[in-house]
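J.: Coordinates in data.cif, mmCIF, C-alpha atoms, are listed below.
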```cif
data_coords
loop_
_atom_site.label_atom_id
_atom_site.label_comp_id
_atom_site.auth_asym_id
_atom_site.auth_seq_id
_atom_site.Cartn_x
_atom_site.Cartn_y
_atom_site.Cartn_z
CA MET A 1 32.02 7.95 13.93
CA PHE A 2 31.71 6.07 17.24
CA LYS A 3 29.11 8.57 18.45
CA LYS A 4 26.93 7.91 15.40
CA LEU A 5 27.36 4.17 15.86
CA GLY A 6 26.39 4.54 19.52
CA VAL A 7 23.20 6.43 18.61
CA PHE A 8 22.34 3.81 16.00
CA LEU A 9 22.90 0.95 18.46
CA THR A 10 20.81 2.69 21.15
CA ILE A 11 17.88 3.13 18.72
CA LEU A 12 18.27 -0.49 17.64
CA LEU A 13 18.28 -1.64 21.25
CA MET A 14 15.13 0.38 21.96
CA LEU A 15 13.36 -1.10 18.95
CA LEU A 16 14.60 -4.64 19.58
CA PRO A 17 11.73 -5.87 21.79
CA SER A 18 9.12 -4.74 19.29
CA ILE A 19 11.12 -6.21 16.39
CA ILE A 20 11.44 -9.57 18.16
CA PHE A 21 7.79 -9.74 19.18
CA ALA A 22 6.66 -8.01 15.93
CA GLN A 23 4.35 -5.54 17.61
CA ASN A 24 3.08 -2.48 15.86
CA VAL A 25 5.17 0.28 17.40
CA PHE A 26 3.31 3.12 15.70
CA ASP A 27 -0.25 2.45 16.89
CA PRO A 28 0.38 3.01 20.63
CA VAL A 29 2.84 5.85 19.94
CA ILE A 30 0.32 7.78 17.81
CA GLU A 31 -2.46 7.09 20.30
CA LYS A 32 -0.28 8.37 23.14
CA LEU A 33 0.82 11.42 21.16
CA LYS A 34 -2.80 12.15 20.23
CA ASN A 35 -3.83 12.05 23.89
CA LEU A 36 -0.90 14.30 24.79
CA GLY A 37 -2.02 16.88 22.23
CA PHE A 38 1.11 16.45 20.14
CA PHE A 39 -0.77 16.95 16.87
CA ASP A 40 -2.23 20.24 18.09
CA ILE A 41 1.33 21.41 18.74
CA LEU A 42 2.35 20.09 15.34
CA LEU A 43 -0.48 22.06 13.78
CA PHE A 44 0.68 25.12 15.70
CA PHE A 45 4.18 24.79 14.23
CA GLY A 46 2.74 24.19 10.78
CA PHE A 47 0.64 27.36 10.97
CA LEU A 48 3.60 29.22 12.45
CA ALA A 49 5.89 28.28 9.56
CA LEU A 50 3.23 29.07 6.97
CA ILE A 51 2.22 32.46 8.39
CA PHE A 52 5.82 33.47 9.02
CA ALA A 53 6.83 32.50 5.48
CA ILE A 54 3.89 34.39 3.96
CA LEU A 55 4.57 37.49 6.05
CA THR A 56 8.28 37.43 5.24
CA LYS A 57 7.69 36.88 1.54
CA SER A 58 4.87 39.40 1.11
CA LYS A 59 6.64 42.01 3.32
CA ILE A 60 3.25 43.43 4.38
CA LEU A 61 4.73 44.46 7.75
CA GLY A 62 8.24 44.99 6.44
CA ASP A 63 11.35 42.89 6.96
CA ASN A 64 11.35 42.95 10.75
CA VAL A 65 11.73 39.37 11.98
CA VAL A 66 10.45 40.20 15.49
CA ILE A 67 7.17 41.71 14.27
CA ASN A 68 6.59 38.93 11.72
CA GLY A 69 7.52 36.28 14.28
CA LEU A 70 5.34 37.71 17.01
CA LEU A 71 2.33 38.05 14.75
CA SER A 72 2.77 34.52 13.41
CA ILE A 73 3.05 33.10 16.94
CA VAL A 74 -0.12 34.89 18.08
CA LEU A 75 -2.11 33.94 14.97
CA SER A 76 -0.99 30.32 14.93
CA PHE A 77 -1.67 29.99 18.65
CA GLY A 78 -5.19 31.28 18.01
CA PHE A 79 -5.75 28.92 15.09
CA ALA A 80 -4.29 25.80 16.71
CA PHE A 81 -5.45 26.14 20.34
CA ILE A 82 -8.01 28.91 20.96
CA PHE A 83 -10.28 28.26 17.96
CA PRO A 84 -10.76 24.50 18.68
CA TYR A 85 -11.28 25.29 22.37
CA LEU A 86 -13.96 27.93 21.70
CA THR A 87 -15.84 26.12 18.93
CA GLY A 88 -15.21 22.47 19.76
CA PHE A 89 -14.09 21.92 16.18
CA ASN A 90 -11.46 19.19 15.74
CA LEU A 91 -8.96 20.86 13.45
CA VAL A 92 -6.49 17.96 13.68
CA THR A 93 -8.89 15.38 12.20
CA SER A 94 -9.97 17.54 9.29
CA THR A 95 -6.41 18.65 8.54
CA THR A 96 -5.25 15.02 8.63
CA LYS A 97 -7.97 14.05 6.14
CA PHE A 98 -7.15 17.04 3.94
CA VAL A 99 -3.41 16.33 3.85
CA THR A 100 -3.92 12.59 3.24
CA GLN A 101 -6.31 13.23 0.35
CA ALA A 102 -3.98 15.87 -1.08
CA ALA A 103 -1.07 13.38 -0.86
CA VAL A 104 -3.08 10.78 -2.79
CA ILE A 105 -3.97 13.34 -5.49
CA LEU A 106 -0.29 14.36 -5.69
CA LEU A 107 0.61 10.71 -6.19
CA VAL A 108 -1.89 10.39 -9.05
CA PHE A 109 -0.52 13.53 -10.72
CA LEU A 110 3.02 12.31 -10.22
CA PHE A 111 2.16 9.02 -11.88
CA GLY A 112 0.50 10.91 -14.77
CA LEU A 113 3.65 12.96 -15.28
CA ILE A 114 5.94 9.93 -14.94
CA ALA A 115 3.86 8.06 -17.55
CA ALA A 116 3.99 11.08 -19.89
CA SER A 117 7.73 11.51 -19.28
CA ILE A 118 8.37 8.13 -20.93
CA PHE A 119 7.72 9.93 -24.21
CA TYR A 120 9.54 13.13 -23.26
CA PRO A 121 13.08 12.94 -21.85
CA ASP A 122 13.12 16.42 -20.27
CA MET A 123 9.60 16.60 -18.87
CA THR A 124 10.23 19.56 -16.56
CA LYS A 125 11.42 21.74 -19.45
CA THR A 126 8.53 20.60 -21.65
CA LEU A 127 5.98 21.34 -18.92
CA THR A 128 7.32 24.83 -18.26
CA THR A 129 7.19 25.71 -21.96
CA VAL A 130 3.68 24.32 -22.50
CA PHE A 131 2.00 25.32 -19.23
CA SER A 132 3.12 28.93 -19.07
CA SER A 133 -0.49 30.16 -18.81
CA PRO A 134 -1.89 31.26 -15.40
CA THR A 135 -4.99 29.12 -16.10
CA MET A 136 -3.24 26.17 -14.42
CA ILE A 137 -3.11 28.12 -11.16
CA ILE A 138 -6.89 28.63 -11.34
CA VAL A 139 -7.38 24.90 -12.04
CA MET A 140 -5.24 23.95 -9.04
CA VAL A 141 -7.05 26.46 -6.81
CA ILE A 142 -10.36 24.81 -7.79
CA PHE A 143 -8.73 21.45 -7.00
CA GLY A 144 -7.81 22.73 -3.56
CA ILE A 145 -11.41 23.85 -2.99
CA VAL A 146 -12.71 20.39 -3.99
CA LEU A 147 -10.31 18.78 -1.47
CA PHE A 148 -11.47 21.33 1.08
CA VAL A 149 -15.04 20.02 0.62
CA THR A 150 -14.28 16.28 0.41
CA SER A 151 -12.06 16.34 3.52
CA GLY A 152 -14.80 18.02 5.52
CA THR A 153 -12.53 20.95 6.39
CA ILE A 154 -15.23 23.24 4.97
CA THR A 155 -17.26 22.67 8.16
CA VAL A 156 -14.75 24.97 9.87
CA PHE A 157 -16.96 27.85 8.66
CA TRP A 158 -19.94 26.78 10.75
CA ALA A 159 -17.89 25.34 13.61
CA GLY A 160 -19.66 25.70 16.92
CA LYS A 161 -23.04 26.24 15.27
CA GLU A 162 -25.73 23.78 14.23
CA PRO A 163 -25.21 22.90 10.55
CA SER A 164 -27.96 24.52 8.49
CA ILE A 165 -27.02 22.77 5.25
CA PRO A 166 -27.31 18.97 5.16
CA SER A 167 -24.07 17.23 4.12
CA PRO A 168 -24.13 16.08 0.46
CA THR A 169 -24.68 12.42 -0.36
CA THR A 170 -21.89 10.29 -1.87
CA ASP A 171 -23.65 10.41 -5.26
CA VAL A 172 -23.58 14.19 -5.34
CA VAL A 173 -19.93 14.32 -4.25
CA ILE A 174 -18.96 11.83 -6.99
CA LEU A 175 -20.85 13.84 -9.61
CA ILE A 176 -19.16 17.06 -8.46
CA ILE A 177 -15.71 15.42 -8.58
CA ALA A 178 -16.39 13.94 -12.04
CA LEU A 179 -17.60 17.33 -13.31
CA PHE A 180 -14.55 18.98 -11.84
CA ILE A 181 -12.20 16.48 -13.51
CA PHE A 182 -14.03 17.12 -16.80
CA VAL A 183 -13.59 20.89 -16.43
CA MET A 184 -9.94 20.42 -15.47
CA MET A 185 -9.25 18.28 -18.53
CA LEU A 186 -11.06 20.89 -20.64
CA PHE A 187 -8.80 23.58 -19.20
CA ILE A 188 -5.65 21.55 -19.90
CA ALA A 189 -6.86 20.78 -23.43
CA GLY A 190 -7.76 24.45 -23.94
CA VAL A 191 -4.42 25.71 -22.60
CA VAL A 192 -2.39 23.25 -24.65
CA GLY A 193 -4.58 23.24 -27.78
CA GLY A 194 -4.94 27.02 -27.83
CA ARG A 195 -1.21 27.55 -28.12
CA LYS A 196 0.20 28.47 -31.51
CA MET B 1 10.32 -23.66 5.20
CA ALA B 2 9.03 -20.14 4.81
CA ASN B 3 10.61 -17.82 2.30
CA PRO B 4 12.98 -15.39 4.12
CA PHE B 5 11.56 -12.44 2.18
CA GLU B 6 8.05 -13.43 3.19
CA LEU B 7 9.13 -13.54 6.83
CA VAL B 8 10.78 -10.14 6.68
CA ILE B 9 7.79 -8.59 4.88
CA LEU B 10 5.33 -10.03 7.40
CA LYS B 11 7.50 -8.86 10.28
CA LEU B 12 7.74 -5.38 8.83
CA GLN B 13 3.99 -5.30 8.22
CA ALA B 14 3.35 -6.30 11.82
CA LEU B 15 5.68 -3.49 12.92
CA GLY B 16 3.62 -0.97 10.93
CA PHE B 17 6.41 -0.30 8.44
CA TYR B 18 4.10 -0.11 5.40
CA GLY B 19 1.13 1.51 7.06
CA PHE B 20 2.99 4.25 8.89
CA LEU B 21 6.67 4.68 8.07
CA LEU B 22 6.63 4.41 4.28
CA PRO B 23 3.70 6.83 3.73
CA PHE B 24 5.46 9.24 6.12
CA ILE B 25 8.72 9.13 4.13
CA LEU B 26 6.90 9.27 0.79
CA VAL B 27 4.78 12.31 1.67
CA ALA B 28 7.72 14.12 3.29
CA ALA B 29 9.83 13.59 0.16
CA ILE B 30 7.07 14.62 -2.28
CA ILE B 31 6.03 17.75 -0.39
CA TYR B 32 9.59 18.85 0.37
CA GLY B 33 10.59 18.27 -3.27
CA LEU B 34 7.58 20.21 -4.58
CA LEU B 35 8.18 23.07 -2.12
CA ARG B 36 11.80 23.29 -3.27
CA LYS B 37 10.84 23.14 -6.93
CA SER B 38 7.94 25.60 -6.78
CA GLN B 39 9.94 28.00 -4.51
CA LEU B 40 6.63 28.92 -2.89
CA PHE B 41 8.34 30.51 0.10
CA GLY B 42 11.31 31.89 -1.79
CA PRO B 43 14.68 30.41 -2.77
CA PRO B 44 15.04 26.86 -1.31
CA GLU B 45 18.54 27.47 0.10
CA LYS B 46 17.19 30.35 2.22
CA ASN B 47 14.05 28.54 3.38
CA VAL B 48 15.26 25.06 4.25
CA SER B 49 13.72 25.18 7.72
CA ILE B 50 10.31 26.51 6.59
CA ASN B 51 10.07 23.97 3.76
CA ALA B 52 11.17 21.21 6.14
CA VAL B 53 8.65 22.18 8.84
CA VAL B 54 5.75 22.29 6.35
CA ALA B 55 6.78 18.95 4.81
CA LEU B 56 7.24 17.33 8.22
CA VAL B 57 3.92 18.59 9.59
CA ALA B 58 2.10 17.28 6.50
CA SER B 59 3.87 13.92 6.67
CA PHE B 60 3.20 13.56 10.40
CA MET B 61 -0.48 14.16 9.66
CA VAL B 62 -0.44 11.40 7.04
CA TRP B 63 1.51 9.20 9.48
CA ALA B 64 -1.23 9.60 12.06
CA SER B 65 -4.16 9.36 9.64
CA PRO B 66 -4.93 5.65 10.33
CA ILE B 67 -5.48 6.48 14.00
CA ILE B 68 -6.83 10.03 13.88
CA ALA B 69 -8.98 9.97 10.74
CA GLY B 70 -9.44 6.19 10.45
CA ILE B 71 -7.91 6.15 6.95
CA SER B 72 -5.56 3.22 6.34
CA ILE B 73 -3.72 3.37 3.03
CA GLU B 74 -1.32 0.49 3.59
CA GLU B 75 -3.00 -2.06 1.32
CA HIS B 76 -4.27 0.46 -1.24
CA LEU B 77 -0.89 2.14 -1.58
CA ALA B 78 0.78 -1.22 -2.27
CA LYS B 79 -1.87 -2.00 -4.91
CA PHE B 80 -1.49 1.47 -6.44
CA PHE B 81 2.28 1.12 -6.82
CA VAL B 82 2.12 -2.40 -8.23
CA GLN B 83 -0.62 -1.44 -10.69
CA SER B 84 1.19 1.75 -11.73
CA MET B 85 4.37 -0.26 -12.24
CA VAL B 86 2.45 -2.64 -14.52
CA ALA B 87 0.95 0.32 -16.41
CA THR B 88 4.42 1.84 -16.86
CA LEU B 89 5.73 -1.53 -17.97
CA VAL B 90 2.97 -1.76 -20.59
CA LEU B 91 3.93 1.68 -21.91
CA MET B 92 7.59 0.71 -21.98
CA ILE B 93 6.87 -2.52 -23.84
CA ALA B 94 4.75 -0.54 -26.33
CA ILE B 95 7.70 1.78 -26.97
CA LEU B 96 10.07 -1.17 -27.25
CA MET B 97 7.80 -2.81 -29.80
CA ALA B 98 7.54 0.47 -31.68
CA GLY B 99 11.36 0.52 -31.62
CA MET B 100 11.37 -2.57 -33.85
CA VAL B 101 9.92 -0.63 -36.78
CA LEU B 102 10.98 2.93 -35.97
CA PRO B 103 14.47 4.27 -36.68
CA THR B 104 17.30 3.92 -34.15
CA ASP B 105 17.75 6.48 -31.35
CA LEU B 106 14.10 6.35 -30.32
CA PRO B 107 14.22 9.21 -27.75
CA LYS B 108 15.55 11.55 -30.46
CA PHE B 109 12.86 10.39 -32.89
CA ILE B 110 10.09 10.88 -30.30
CA GLY B 111 11.52 14.29 -29.41
CA GLU B 112 11.55 15.32 -33.06
CA LYS B 113 8.04 14.05 -33.80
CA PHE B 114 6.21 15.05 -30.63
CA GLY B 115 8.52 17.46 -28.83
CA THR B 116 7.52 20.62 -30.64
CA LYS B 117 3.77 19.99 -30.69
CA PRO B 118 2.02 21.18 -27.52
CA SER B 119 -1.19 19.34 -28.46
CA TYR B 120 0.65 15.99 -28.25
CA ILE B 121 2.13 16.92 -24.87
CA GLY B 122 -1.38 17.75 -23.64
CA VAL B 123 -2.71 14.43 -24.93
CA PHE B 124 0.10 12.50 -23.20
CA ILE B 125 -0.39 14.36 -19.91
CA VAL B 126 -4.19 13.98 -19.98
CA ALA B 127 -3.78 10.28 -20.86
CA GLY B 128 -1.31 9.86 -18.00
CA ILE B 129 -3.68 11.53 -15.54
CA ILE B 130 -6.61 9.42 -16.77
CA ILE B 131 -4.51 6.26 -16.23
CA GLY B 132 -3.59 7.61 -12.78
CA LEU B 133 -7.25 8.23 -11.92
CA THR B 134 -8.17 4.73 -13.13
CA LEU B 135 -5.44 3.30 -10.88
CA LEU B 136 -6.86 5.42 -8.05
CA VAL B 137 -10.18 3.60 -8.44
CA THR B 138 -8.82 0.10 -9.11
CA SER B 139 -6.35 0.23 -6.20
CA GLY B 140 -9.12 1.25 -3.82
CA LEU B 141 -7.40 4.51 -2.87
CA THR B 142 -10.78 6.21 -3.38
CA GLY B 143 -11.45 4.91 0.13
CA VAL B 144 -9.36 7.84 1.32
CA PHE B 145 -12.07 10.16 0.03
CA PHE B 146 -15.01 7.97 1.03
CA PRO B 147 -13.99 6.03 4.17
CA GLU B 148 -17.55 4.73 4.68
CA GLY B 149 -17.51 3.12 1.22
CA ILE B 150 -19.17 4.13 -2.01
CA VAL B 151 -22.66 3.15 -3.01
CA ILE B 152 -23.16 4.46 -6.54
CA SER B 153 -26.58 4.51 -8.09
CA GLU B 154 -27.14 3.71 -11.76
CA ASP B 155 -27.98 7.34 -12.57
CA VAL B 156 -24.61 8.52 -11.29
CA LEU B 157 -22.80 5.81 -13.24
CA VAL B 158 -24.57 6.95 -16.41
CA GLY B 159 -23.71 10.58 -15.57
CA VAL B 160 -20.03 9.82 -15.01
CA GLY B 161 -19.97 7.69 -18.19
CA THR B 162 -21.41 10.61 -20.16
CA ILE B 163 -18.78 12.95 -18.72
CA ILE B 164 -15.98 10.54 -19.69
CA ALA B 165 -17.44 10.24 -23.21
CA LEU B 166 -17.59 14.04 -23.45
CA LEU B 167 -14.00 14.20 -22.27
CA ILE B 168 -12.83 11.84 -25.00
CA VAL B 169 -14.79 13.77 -27.65
CA VAL B 170 -13.36 17.11 -26.49
CA GLY B 171 -9.84 15.67 -26.47
CA LEU B 172 -10.24 14.37 -30.01
CA ILE B 173 -11.68 17.71 -31.20
CA VAL B 174 -8.72 19.58 -29.65
CA VAL B 175 -6.21 17.23 -31.28
CA PHE B 176 -7.81 17.36 -34.71
CA THR B 177 -8.52 21.11 -34.73
CA SER B 178 -4.95 21.88 -33.66
CA ARG B 179 -3.69 19.55 -36.38
CA GLU B 180 -5.92 21.25 -38.99
CA GLY B 181 -4.76 24.65 -37.79
CA LYS B 182 -1.16 23.67 -38.44
CA LYS B 183 -1.86 22.72 -42.10
#
```
Take the structure I supplied and represent it as structure tokens, if you would.

T.:
Amino acid sequence: MFKKLGVFLTILLMLLPSIIFAQNVFDPVIEKLKNLGFFDILLFFGFLALIFAILTKSKILGDNVVINGLLSIVLSFGFAFIFPYLTGFNLVTSTTKFVTQAAVILLVFLFGLIAASIFYPDMTKTLTTVFSSPTMIIVMVIFGIVLFVTSGTITVFWAGKEPSIPSPTTDVVILIIALFIFVMMLFIAGVVGGRK
Amino acid sequence: MANPFELVILKLQALGFYGFLLPFILVAAIIYGLLRKSQLFGPPEKNVSINAVVALVASFMVWASPIIAGISIEEHLAKFFVQSMVATLVLMIAILMAGMVLPTDLPKFIGEKFGTKPSYIGVFIVAGIIIGLTLLVTSGLTGVFFPEGIVISEDVLVGVGTIIALLIVVGLIVVFTSREGKK
């Protein structure tokens, strides 16, 4: 109890000067962390967790934790540190854009579901009964690809080389997104309307 | 004398509470919740650490996005939430007004009338997503996708308008054909 209180008071004491003078504490911290390469390390841990989870779940190399762990460490090290060093591609910036855009899209979907749930008390149950078709997975995969393009992460494929394809104009991107939303709605309508 | 709430809000804004901390918490909660629900990496009780690491990495990226990617969502996020709250309020008032003429126990009535018809569920979900997308534009959150700003030509506006019109027509066709099929 006293230990927790002590930790809380220490944090409060550390934050006190910035609270009194109302300075943005996050700006300099992020800047410092960026210069220290903290986000590269963060990316390394992200890749590590993802690769390890995929290897463990798929059991491609069996159940051995050491083999899965070793392979995930090597691969994530390559992705997070060696690849940017060799190609000069800033993986942190594009991943940040990708994740932020994905978070905004998640928010929009969440709002859509919350608005629909006003009419349906048990929305989760309703959704699982209606959207049992694998078409939704295809729609979401296409969504991921669209985010991959809009965030600029797609340039990872020609990292280190001169871009041969000019980047699309805003008009074209908007048209592609609008077309995609249209197709997605069509899919949802088809999946739901096609059910007996 | 200044309103105490105003003072606190301004102080918190100056500290970066809305621009950094709240998006961090929000994204961490959403991603961790979705990872637990989807069970993408297996049962949640066995993969707490993996789910937590993925959620934390994603939320740290969003936390740093104003500095690293130059995307600030502080103002837009506030607008989005206020506007979505108003939209939800409008829906709630509509249901309340419908409650004046409809029988008592409205949730049961709605469940009976719409619950078994997948076409209605689809219409409600599509309508919800369309409202969400409209809020995305009106709140300015589209700036996340186009940080340099959007300059839309008239041709594109006409194209997008046509797509929306097509969308409405297709939705209506689906609703009416499914209704005819039931008869």

J.: How many Å lie between atom CA of Ser76 of chain A and atom CA of Lys32 of chain A, rounded to one decimal?

T.: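 That distance, rounded to one decimal, is 23.4 Å.
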
J.: Between atom CA of Val170 of chain B and atom CA of Ile181 of chain A, what is the distance in Å, rounded to a tenth?

T.: 13.0 Å

J.: Within 6 Å of chain A, which residues of chain B come that close, and what is the closest atom pair and distance in Å for each? Count all atoms listed in the file and give it as a Markdown table.

T.:
```
| residue | atom | partner | partner_atom | distance |
| --- | --- | --- | --- | --- |
| B:Lys11 | CA | A:Ala22 | CA | 5.8 |
| B:Ala14 | CA | A:Ala22 | CA | 5.5 |
| B:Leu15 | CA | A:Asn24 | CA | 4.1 |
| B:Gly16 | CA | A:Asn24 | CA | 5.2 |
| B:Phe41 | CA | A:Ala53 | CA | 5.9 |
| B:Ile50 | CA | A:Ala49 | CA | 5.6 |
| B:Val54 | CA | A:Gly46 | CA | 5.7 |
| B:Val57 | CA | A:Gly46 | CA | 5.8 |
| B:Met61 | CA | A:Thr96 | CA | 5.0 |
| B:Val62 | CA | A:Thr100 | CA | 5.3 |
| B:Ser65 | CA | A:Thr96 | CA | 5.9 |
| B:Ile68 | CA | A:Thr93 | CA | 6.0 |
| B:Ala69 | CA | A:Thr93 | CA | 5.6 |
| B:Pro118 | CA | A:Val192 | CA | 5.7 |
| B:Ser119 | CA | A:Gly193 | CA | 5.2 |
| B:Gly122 | CA | A:Val192 | CA | 5.7 |
| B:Phe124 | CA | A:Ala116 | CA | 5.3 |
| B:Ile125 | CA | A:Ala116 | CA | 5.5 |
| B:Gly128 | CA | A:Gly112 | CA | 3.8 |
| B:Ile129 | CA | A:Gly112 | CA | 4.3 |
| B:Gly132 | CA | A:Val108 | CA | 5.0 |
| B:Val174 | CA | A:Gly193 | CA | 5.8 |
```

J.: Using the file's own x, y and z axes, what box holds all listed atoms of segment 45-52 of chain B with 6 Å on each side, keeping edges along x, y and z, and what are its centre and edge lengths in Å to one decimal, as AutoDock Vina command-line options?

T.:
```
--center_x 14.3 --center_y 25.8 --center_z 3.9 --size_x 20.5 --size_y 21.1 --size_z 19.6
```

J.: Select, from B:Val123, B:Ile67, B:Ala55, B:Met97, the residue with the minimum atom-to-atom distance to Leu172 of chain B, counting all atoms listed in the file.

T.: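 Of B:Val123, B:Ile67, B:Ala55, B:Met97, the one nearest Leu172 of chain B, counting all atoms listed in the file, is B:Val123.
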
J.: Quick one: of B:Val90, B:Leu102, B:Leu166, B:His76, who's nearest to Thr138 of chain B, counting all atoms listed in the file?

T.: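 Checking each of B:Val90, B:Leu102, B:Leu166, B:His76 against Thr138 of chain B, counting all atoms listed in the file, the winner is B:His76.
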
J.: Find the distance between atom CA of Leu157 of chain B and atom CA of Glu75 of chain B and write it in Å to one decimal.

T.: 25.8 Å

J.: List, as a PyMOL selection string, every residue that the PyMOL selection byres ((chain B and resi 18) around 10) selects in the file provided.

T.: chain B and resi 9+12-17+19-24+73-75+77-78

J.: Using all atoms listed in the file, which of A:Thr10, A:Thr135, A:Ser72, A:Asn90 sits nearest Gly37 of chain A?

T.: A:Asn90

J.: Identify which of the residues B:Ala28, B:Ala58, B:Ile71, B:Leu10 lies closest to Leu141 of chain B, counting only C-alpha atoms when measuring atom-to-atom distances.

T.: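 Once distances to Leu141 of chain B are computed over only C-alpha atoms, the minimum belongs to B:Ile71.
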
J.: Excluding Val48 of chain B and its own-chain neighbours fewer than 6 positions away, which residues fall within 10 Å of it when counting all atoms listed in the file? Please give them as a ChimeraX atom specification.

T.: /B:32,35-36,41-42

J.: Take the residues just selected and output them with C-alpha atoms as a compact mmCIF listing (two decimals), in the frame of the given file.

T.:
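Wrote result_28.txt, looks like this:
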```txt
# COMPACT_ATOMS: atom_id res chain seq x y z
CA TYR B 32 9.59 18.85 0.37
CA LEU B 35 8.18 23.07 -2.12
CA ARG B 36 11.80 23.29 -3.27
CA PHE B 41 8.34 30.51 0.10
CA GLY B 42 11.31 31.89 -1.79
```

J.: Compare A:Asn68, A:Thr124, A:Thr155, A:Thr87 by their minimum atom-to-atom distance to Lys37 of chain B, counting all atoms listed in the file, and give me the closest one.

T.: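 Smallest distance to Lys37 of chain B is found for A:Thr124.
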
J.: Nearest to Ser139 of chain B among B:Thr162, B:Leu167, B:Thr88, B:Lys79, with distances taken over all atoms listed in the file: which residue is it?

T.: B:Lys79
